[in-house]
Each structure stands twice: as C-alpha cells, then as structure tokens.
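I have placed the structure first, in the form of structure tokens, so that the comments after it can refer back to it.
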Amino acid sequence: MLFSGSEKRAVELDRSDPLAHFRSRFHIQPGTIYMDGNSLGLLSVDAEMAVLRVLEQWKTQAIGGYSQPRPDSWYFMGEDLGAMMAPLVGAHSDEVIATGTTTVNLHKLVATFYKPSGAKRKIIATELDFPTDIYALQAQIRLHGGNSDVELVRVPSRDGRTILEDDVIAAMRPDAAQILMPSVLYRSGQLLDIPRLSAAARERGIVIGFDCSHSVGIVPHRLSEAGVDFAMWSSYKYLNAGPGSVAGLYVNRRHHGSLPGLAGWWGNDKQTQFDMAHEFRPAADASAWQISSNPQLSAAPLRASLQMFQEAGIERIREKSLCMTEFLMSLVDSLADRGYVVGNPREAERRGGHVAVEHAEAARICKGLKARGVVPDFRMPNVIRLAPIPLYNTFHEVWRVATHLKEIVDSRQYEQFPVGRDLIA
C-alpha cells in the first residue's frame, strides 16, 4: 500500500513541479534512470550547442577569439564565468574565478595560505574527506619539510558517517595553521555548518577553506557572509559542465592583493599581461589565482549550464532537491526489513543533494540497478549513492528506483553478480 500510494504522490509532485520543463533540455538515454549526477551531470542541449559555437569561433576567428568583445571574449572567460558562479556560492563577482581543475585549484590555495611557522604547523581535515584533498594536503606539508603523519590532523567520525562540528572546533588548537573542510561529505552527504566553523576559525586566527565540490549547484552558499577564506569546487557534478571541465575557485576579498602560492601568467593583471615582463603583477582580485589560459572547449558548457541555473534559481533547485531526497528517504525507510538503511543526516539543514542508502550487499545491488537501467554509484564499504537532480530527474523516477531496490532484494537478483565493486563504482 505504501508503494502504490507513493506512486500516486510522485505523479502529483511531478504535475506541480515548476522546474519540470528543464528536463527536456537534457540528453536522457532511453530506458535509463540517471541517479549519478553527484558524480557527473548529464549533458544538456544548451551545453552541446555552446561547444559547437566555440568550435565555430575557433574555425572562423582563430586567435581572434581572444579579442572578441565580452561576453564572447576568450580572454576574459574565467572572470565572466566566475561572476556567473558567484550567486551560487554567495560571493562578490570579483571573489570567484573559473580556472584550472579541482585539485590543482586546491594546491594553489593551500600553497597560498598554508604558512607554517614555529609550532603552528598543523592542517585540520577530517577522516571522511575525499582522498584527493588528503593527498594534496599531505603533499603541501611535505613541500614545507613537514611530516604529514604528524601535521595533518584528521578529525575522527563518531559513527563512521558524519563529522560533528564540535569535534572540528575542539581540534582548532594553537598549533593549527590551516583548516580544510568538505562542505558536504562525499559518502554520507552530510552538509557541514560552514558559518559556524568559519566563525570559530576566525576567532582563533586560523585560515579556513572549503571543498564545495559536492554542494555547488545543489546547495546555496553564503561564503562571503560566513567569512570563509577560500574555497574550490568542481563543475562536472551538479553544475553539469562535462567530464573534467574547468573548475571554480573563491578567495575572500580580504585576501585580494596577496601573492598566490603558485603563479602563472594568466593570473597577471590583464592590463600588463602582454607586456611580457618577468615581474609578476597579480590581478587585484581572485583572477590572480589563475595559472594558465582557460580551456575554452570545457568552459563553453559551463557557461551554458550557468545560464540555465540563472533561469531556474538556486533556491528553487534546493527546494526541489530537499523534497526529492525526503521522498526517497521515506521509501527507503519502508524497506528497512529488507536491510536498507538511510545513512545520511535527515535534517534538511544537514544534508546535501544525495541519499546514502546503506546495505550489506550494496556493491551487488548497484550492479543489479545498472542491469535494470538505473545508474547509481557505490562507495565503500556499503553505500549506494542516489542523487535525484532537480533539473532532469522526476519524482516518479525516484519511486521507480525504490521499487527496483525492493525487487532486487525480494528476488535475490543481486546474487547473480560477483562480490565486490566495479573498477569505477
């Protein structure tokens, strides 16, 4: 009765969905339900056409593409895209730049703000961080002659799923030089309290940054208001800008004028960049943290996607996302007798854009979902991540995915698949 009643509710929600019309602007493969937009967003028709326009621009204008007036100029593409992303993260337009890739941007920022001195040498992270952040922090500590086993502090999780802000604040001791936190934990989907952590760090004189890769485009932020020092994020997840697309970077205005820890000619003041002087003159804003010229073929789909976000509105996207994940959690709760558990925080203010469905046979259940045309992903040791995306998923799709979860266990279909994850989960 719950599932039949829930299907009716799903149909009703889809009928009243103000964002439903955006679905037709995405390439959705027939016979599939795509629930992995928190790993890689789908291609939109808008993004596809944007790439074709840049190819035409390259074909017909060649080097002239850099000299075109804005917003079509390749020369100012990073700044223009940064200004378009700024409302999504609650920043001033000159605090955001589209540049580089996610981990490269993290290296730039840590290299700028990590200034170990005396006993003040430690970097605070969490034991549930995405591995690339830990690798980057370990490398930066080594570059300063430190021992990452000692100087990288990973705040432990009490339950293996979430991190308590109280525990992060307790780790903010006088020997901490920098803090890097995820905005959303990639496995459980927990949304950390950015304003609270930022205020605590500022009170203690510690620079704090956030990896917002699992939140930008699905959770509205207010980075400037919170006093965050720096942040970075990918654009290929919720922003739907394509695999490996140009990433985003934020530097609070109070740090503008600082010398970037890693510099390149594209971060030079635009007015003197082509003087070709050997004296680096950093741009007066976040543009200074650019290193190389913008990759136009990966910047083009980001521009198209950001225009779509302007149309939809990040607040409406968040509202629908919370409704979809709430609906999915209620369906998973009804499957508790089949071994399914919701592993993400339930409070709206503490969860990001995906639901972490836990099950002892999660890896094989993921394979069963894929065999049925559902695209989830698996995260060790027992998490099926399901991300209903407001711009292209429907409530009825959410209901159908839950039905598949039920049937895969009821029929023991998962036993047809080998134990363990796929190469790319």
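Chain identifiers are assigned as A, B, and so on, following the order in which chains appear in the structure tokens; residues are numbered from 1 within each chain, and ligands are numbered from 1 in order of appearance.
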Which residues come within 12 Å of A:His278, counting only C-alpha atoms, excluding same-chain residues fewer than 6 positions away, as an NGL selection string?
:A and (264-265 or 268 or 272)
Writer output for current selection, C-alpha atoms, as a compact mmCIF listing (two decimals), in the first residue's frame:
# COMPACT_ATOMS: atom_id res chain seq x y z
CA GLY A 264 51.23 31.75 -13.82
CA TRP A 265 50.93 34.42 -16.48
CA ASN A 268 48.80 38.66 -14.06
CA THR A 272 50.03 44.45 -18.29
Show which residues sit within 12 Å of A:Gly78, as a ChimeraX atom specification. Count only C-alpha atoms, and ignore same-chain residues fewer than 2 positions away.
/A:70-76,80-85,93-100,246-249,266-267,270,286-296,298-300,302-303
Store the residues picked out above in a file with N, CA and C atoms, as a compact mmCIF listing (two decimals), in the first residue's frame.
# COMPACT_ATOMS: atom_id res chain seq x y z
N ARG A 70 33.32 41.15 -24.80
CA ARG A 70 32.65 40.33 -23.81
C ARG A 70 31.15 40.33 -24.07
N PRO A 71 30.45 39.22 -23.84
CA PRO A 71 30.88 38.04 -23.09
C PRO A 71 31.50 36.94 -23.96
N ASP A 72 31.76 37.20 -25.24
CA ASP A 72 32.28 36.16 -26.12
C ASP A 72 33.80 36.08 -26.13
N SER A 73 34.46 36.98 -25.41
CA SER A 73 35.93 37.00 -25.43
C SER A 73 36.52 35.84 -24.66
N TRP A 74 37.43 35.12 -25.28
CA TRP A 74 38.15 34.06 -24.57
C TRP A 74 39.07 34.64 -23.49
N TYR A 75 39.52 35.85 -23.71
CA TYR A 75 40.49 36.47 -22.80
C TYR A 75 39.91 36.65 -21.39
N PHE A 76 38.65 36.99 -21.31
CA PHE A 76 38.02 37.26 -20.01
C PHE A 76 37.07 36.14 -19.58
N ASP A 80 34.39 36.15 -16.41
CA ASP A 80 32.96 36.20 -16.71
C ASP A 80 32.22 34.99 -16.13
N LEU A 81 32.82 33.81 -16.24
CA LEU A 81 32.20 32.63 -15.65
C LEU A 81 32.21 32.70 -14.13
N GLY A 82 33.26 33.28 -13.58
CA GLY A 82 33.32 33.46 -12.13
C GLY A 82 32.18 34.32 -11.63
N ALA A 83 31.90 35.39 -12.37
CA ALA A 83 30.80 36.28 -11.99
C ALA A 83 29.46 35.55 -12.07
N MET A 84 29.34 34.63 -13.01
CA MET A 84 28.09 33.86 -13.13
C MET A 84 27.95 32.85 -12.01
N MET A 85 29.06 32.31 -11.52
CA MET A 85 29.01 31.34 -10.42
C MET A 85 28.83 32.00 -9.07
N SER A 93 31.30 39.13 -7.20
CA SER A 93 31.74 38.63 -8.51
C SER A 93 33.25 38.60 -8.65
N ASP A 94 33.96 39.50 -7.95
CA ASP A 94 35.41 39.53 -8.09
C ASP A 94 36.10 38.53 -7.16
N GLU A 95 35.31 37.75 -6.39
CA GLU A 95 35.88 36.75 -5.48
C GLU A 95 35.91 35.35 -6.10
N VAL A 96 35.32 35.19 -7.27
CA VAL A 96 35.19 33.87 -7.89
C VAL A 96 35.80 33.89 -9.29
N ILE A 97 36.50 32.83 -9.62
CA ILE A 97 37.11 32.69 -10.94
C ILE A 97 36.93 31.25 -11.42
N ALA A 98 36.66 31.09 -12.70
CA ALA A 98 36.63 29.75 -13.29
C ALA A 98 38.00 29.47 -13.86
N THR A 99 38.66 28.48 -13.33
CA THR A 99 40.04 28.22 -13.73
C THR A 99 40.46 26.82 -13.31
N GLY A 100 41.41 26.25 -14.03
CA GLY A 100 42.07 25.03 -13.61
C GLY A 100 41.13 23.85 -13.40
N VAL A 246 36.34 22.86 -16.56
CA VAL A 246 37.03 23.90 -15.79
C VAL A 246 36.35 24.07 -14.44
N ALA A 247 37.15 24.25 -13.39
CA ALA A 247 36.65 24.28 -12.02
C ALA A 247 36.47 25.71 -11.52
N GLY A 248 35.99 25.82 -10.27
CA GLY A 248 35.76 27.12 -9.67
C GLY A 248 36.61 27.33 -8.44
N LEU A 249 36.89 28.60 -8.17
CA LEU A 249 37.77 28.96 -7.06
C LEU A 249 37.26 30.27 -6.45
N TRP A 266 48.52 33.85 -16.57
CA TRP A 266 47.12 34.21 -16.72
C TRP A 266 46.57 34.88 -15.46
N GLY A 267 47.32 34.81 -14.36
CA GLY A 267 46.91 35.50 -13.14
C GLY A 267 47.47 36.90 -13.05
N LYS A 270 45.50 42.00 -16.14
CA LYS A 270 45.18 41.94 -17.56
C LYS A 270 45.76 43.12 -18.33
N ALA A 286 40.31 37.74 -7.39
CA ALA A 286 40.51 36.30 -7.47
C ALA A 286 41.14 35.85 -8.78
N SER A 287 41.12 36.71 -9.78
CA SER A 287 41.76 36.39 -11.06
C SER A 287 43.24 36.06 -10.90
N ALA A 288 43.85 36.57 -9.85
CA ALA A 288 45.27 36.34 -9.63
C ALA A 288 45.59 34.86 -9.45
N TRP A 289 44.59 34.06 -9.06
CA TRP A 289 44.84 32.64 -8.81
C TRP A 289 44.69 31.78 -10.06
N GLN A 290 44.59 32.41 -11.22
CA GLN A 290 44.67 31.67 -12.47
C GLN A 290 46.14 31.39 -12.77
N ILE A 291 46.41 30.28 -13.43
CA ILE A 291 47.77 29.95 -13.83
C ILE A 291 47.88 29.94 -15.35
N SER A 292 47.01 29.19 -15.99
CA SER A 292 47.09 29.03 -17.44
C SER A 292 45.82 29.57 -18.09
N SER A 293 45.88 29.76 -19.38
CA SER A 293 44.72 30.25 -20.11
C SER A 293 43.57 29.26 -20.00
N ASN A 294 42.36 29.80 -20.09
CA ASN A 294 41.17 28.99 -19.88
C ASN A 294 40.96 28.00 -21.01
N PRO A 295 40.62 26.75 -20.71
CA PRO A 295 40.32 25.76 -21.75
C PRO A 295 38.93 26.03 -22.33
N GLN A 296 38.87 26.64 -23.47
CA GLN A 296 37.60 27.14 -23.99
C GLN A 296 36.57 26.04 -24.27
N SER A 298 36.08 23.37 -22.64
CA SER A 298 35.43 22.91 -21.42
C SER A 298 34.76 24.07 -20.67
N ALA A 299 35.12 25.29 -21.01
CA ALA A 299 34.46 26.45 -20.41
C ALA A 299 33.10 26.68 -21.04
N ALA A 300 32.97 26.37 -22.32
CA ALA A 300 31.72 26.63 -23.04
C ALA A 300 30.51 25.95 -22.42
N LEU A 302 30.11 25.03 -19.39
CA LEU A 302 29.86 25.63 -18.08
C LEU A 302 29.05 26.91 -18.23
N ARG A 303 29.41 27.73 -19.22
CA ARG A 303 28.64 28.96 -19.45
C ARG A 303 27.16 28.63 -19.72
inquiry  = as number ranges by chain, please: every residue in stretch 4-56 of chain A that DSSP puts in helix (DSSP H, G or I).
reply    = A: 4-15, 20-25, 45-56
Margin query: Give me, as a ChimeraX atom specification, all polymer residues having an atom no more than 9 Å from A:Ile33, counting only C-alpha atoms and skipping those fewer than 6 positions away in the same chain.
Written below: /A:373-376,393,397-398,400-401
Write out, as a PDB file, in the first residue's frame, the residues just selected, with all heavy atoms.
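Just written: selection_23.pdb:
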ATOM      1  N   GLY A 373      18.793  -0.637 -15.762  1.00  0.00           N
ATOM      2  CA  GLY A 373      18.770   0.675 -16.399  1.00  0.00           C
ATOM      3  C   GLY A 373      18.870   1.850 -15.447  1.00  0.00           C
ATOM      4  O   GLY A 373      18.708   2.996 -15.852  1.00  0.00           O
ATOM      5  N   VAL A 374      19.137   1.577 -14.165  1.00  0.00           N
ATOM      6  CA  VAL A 374      19.315   2.643 -13.180  1.00  0.00           C
ATOM      7  C   VAL A 374      20.815   2.887 -13.003  1.00  0.00           C
ATOM      8  O   VAL A 374      21.585   1.937 -12.851  1.00  0.00           O
ATOM      9  CB  VAL A 374      18.682   2.271 -11.826  1.00  0.00           C
ATOM     10  CG1 VAL A 374      18.926   3.374 -10.803  1.00  0.00           C
ATOM     11  CG2 VAL A 374      17.193   2.000 -11.987  1.00  0.00           C
ATOM     12  N   VAL A 375      21.231   4.156 -13.017  1.00  0.00           N
ATOM     13  CA  VAL A 375      22.643   4.494 -12.855  1.00  0.00           C
ATOM     14  C   VAL A 375      22.842   5.142 -11.489  1.00  0.00           C
ATOM     15  O   VAL A 375      22.545   6.321 -11.289  1.00  0.00           O
ATOM     16  CB  VAL A 375      23.131   5.444 -13.964  1.00  0.00           C
ATOM     17  CG1 VAL A 375      24.628   5.720 -13.812  1.00  0.00           C
ATOM     18  CG2 VAL A 375      22.825   4.869 -15.343  1.00  0.00           C
ATOM     19  N   PRO A 376      23.338   4.375 -10.496  1.00  0.00           N
ATOM     20  CA  PRO A 376      23.706   4.890  -9.180  1.00  0.00           C
ATOM     21  C   PRO A 376      25.229   4.928  -9.107  1.00  0.00           C
ATOM     22  O   PRO A 376      25.915   4.825 -10.124  1.00  0.00           O
ATOM     23  CB  PRO A 376      23.156   3.817  -8.252  1.00  0.00           C
ATOM     24  CG  PRO A 376      23.457   2.546  -9.038  1.00  0.00           C
ATOM     25  CD  PRO A 376      23.428   2.899 -10.527  1.00  0.00           C
ATOM     26  N   ASN A 393      15.694  14.980 -13.170  1.00  0.00           N
ATOM     27  CA  ASN A 393      15.030  13.791 -12.637  1.00  0.00           C
ATOM     28  C   ASN A 393      13.593  14.112 -12.222  1.00  0.00           C
ATOM     29  O   ASN A 393      13.249  15.266 -11.974  1.00  0.00           O
ATOM     30  CB  ASN A 393      15.781  13.229 -11.430  1.00  0.00           C
ATOM     31  CG  ASN A 393      17.043  12.490 -11.815  1.00  0.00           C
ATOM     32  OD1 ASN A 393      18.137  12.798 -11.325  1.00  0.00           O
ATOM     33  ND2 ASN A 393      16.932  11.511 -12.707  1.00  0.00           N
ATOM     34  N   GLU A 397      10.579   8.858 -11.169  1.00  0.00           N
ATOM     35  CA  GLU A 397      11.831   8.106 -11.289  1.00  0.00           C
ATOM     36  C   GLU A 397      12.331   7.695  -9.911  1.00  0.00           C
ATOM     37  O   GLU A 397      12.839   6.577  -9.732  1.00  0.00           O
ATOM     38  CB  GLU A 397      12.886   8.940 -12.012  1.00  0.00           C
ATOM     39  CG  GLU A 397      12.679   9.050 -13.507  1.00  0.00           C
ATOM     40  CD  GLU A 397      13.781   9.825 -14.194  1.00  0.00           C
ATOM     41  OE1 GLU A 397      14.259  10.827 -13.609  1.00  0.00           O
ATOM     42  OE2 GLU A 397      14.177   9.446 -15.313  1.00  0.00           O
ATOM     43  N   VAL A 398      12.219   8.592  -8.943  1.00  0.00           N
ATOM     44  CA  VAL A 398      12.625   8.263  -7.576  1.00  0.00           C
ATOM     45  C   VAL A 398      11.818   7.065  -7.074  1.00  0.00           C
ATOM     46  O   VAL A 398      12.369   6.120  -6.490  1.00  0.00           O
ATOM     47  CB  VAL A 398      12.432   9.475  -6.640  1.00  0.00           C
ATOM     48  CG1 VAL A 398      12.648   9.083  -5.188  1.00  0.00           C
ATOM     49  CG2 VAL A 398      13.385  10.607  -7.030  1.00  0.00           C
ATOM     50  N   ARG A 400      10.384   4.763  -8.871  1.00  0.00           N
ATOM     51  CA  ARG A 400      10.778   3.562  -9.614  1.00  0.00           C
ATOM     52  C   ARG A 400      12.101   2.996  -9.109  1.00  0.00           C
ATOM     53  O   ARG A 400      12.277   1.773  -9.028  1.00  0.00           O
ATOM     54  CB  ARG A 400      10.865   3.885 -11.108  1.00  0.00           C
ATOM     55  CG  ARG A 400       9.492   4.065 -11.768  1.00  0.00           C
ATOM     56  CD  ARG A 400       9.605   4.752 -13.111  1.00  0.00           C
ATOM     57  NE  ARG A 400      10.427   3.991 -14.060  1.00  0.00           N
ATOM     58  CZ  ARG A 400      10.969   4.526 -15.144  1.00  0.00           C
ATOM     59  NH1 ARG A 400      10.800   5.819 -15.412  1.00  0.00           N
ATOM     60  NH2 ARG A 400      11.679   3.776 -15.970  1.00  0.00           N
ATOM     61  N   VAL A 401      13.032   3.855  -8.756  1.00  0.00           N
ATOM     62  CA  VAL A 401      14.313   3.381  -8.214  1.00  0.00           C
ATOM     63  C   VAL A 401      14.079   2.625  -6.914  1.00  0.00           C
ATOM     64  O   VAL A 401      14.657   1.553  -6.685  1.00  0.00           O
ATOM     65  CB  VAL A 401      15.289   4.561  -8.004  1.00  0.00           C
ATOM     66  CG1 VAL A 401      16.492   4.125  -7.183  1.00  0.00           C
ATOM     67  CG2 VAL A 401      15.742   5.123  -9.343  1.00  0.00           C
TER      68      VAL A 401
END
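Nearest to A:Glu151 of all the residues A:Pro30, A:Pro131, A:Pro116, A:Gly368 is A:Pro116, based on only C-alpha atoms.
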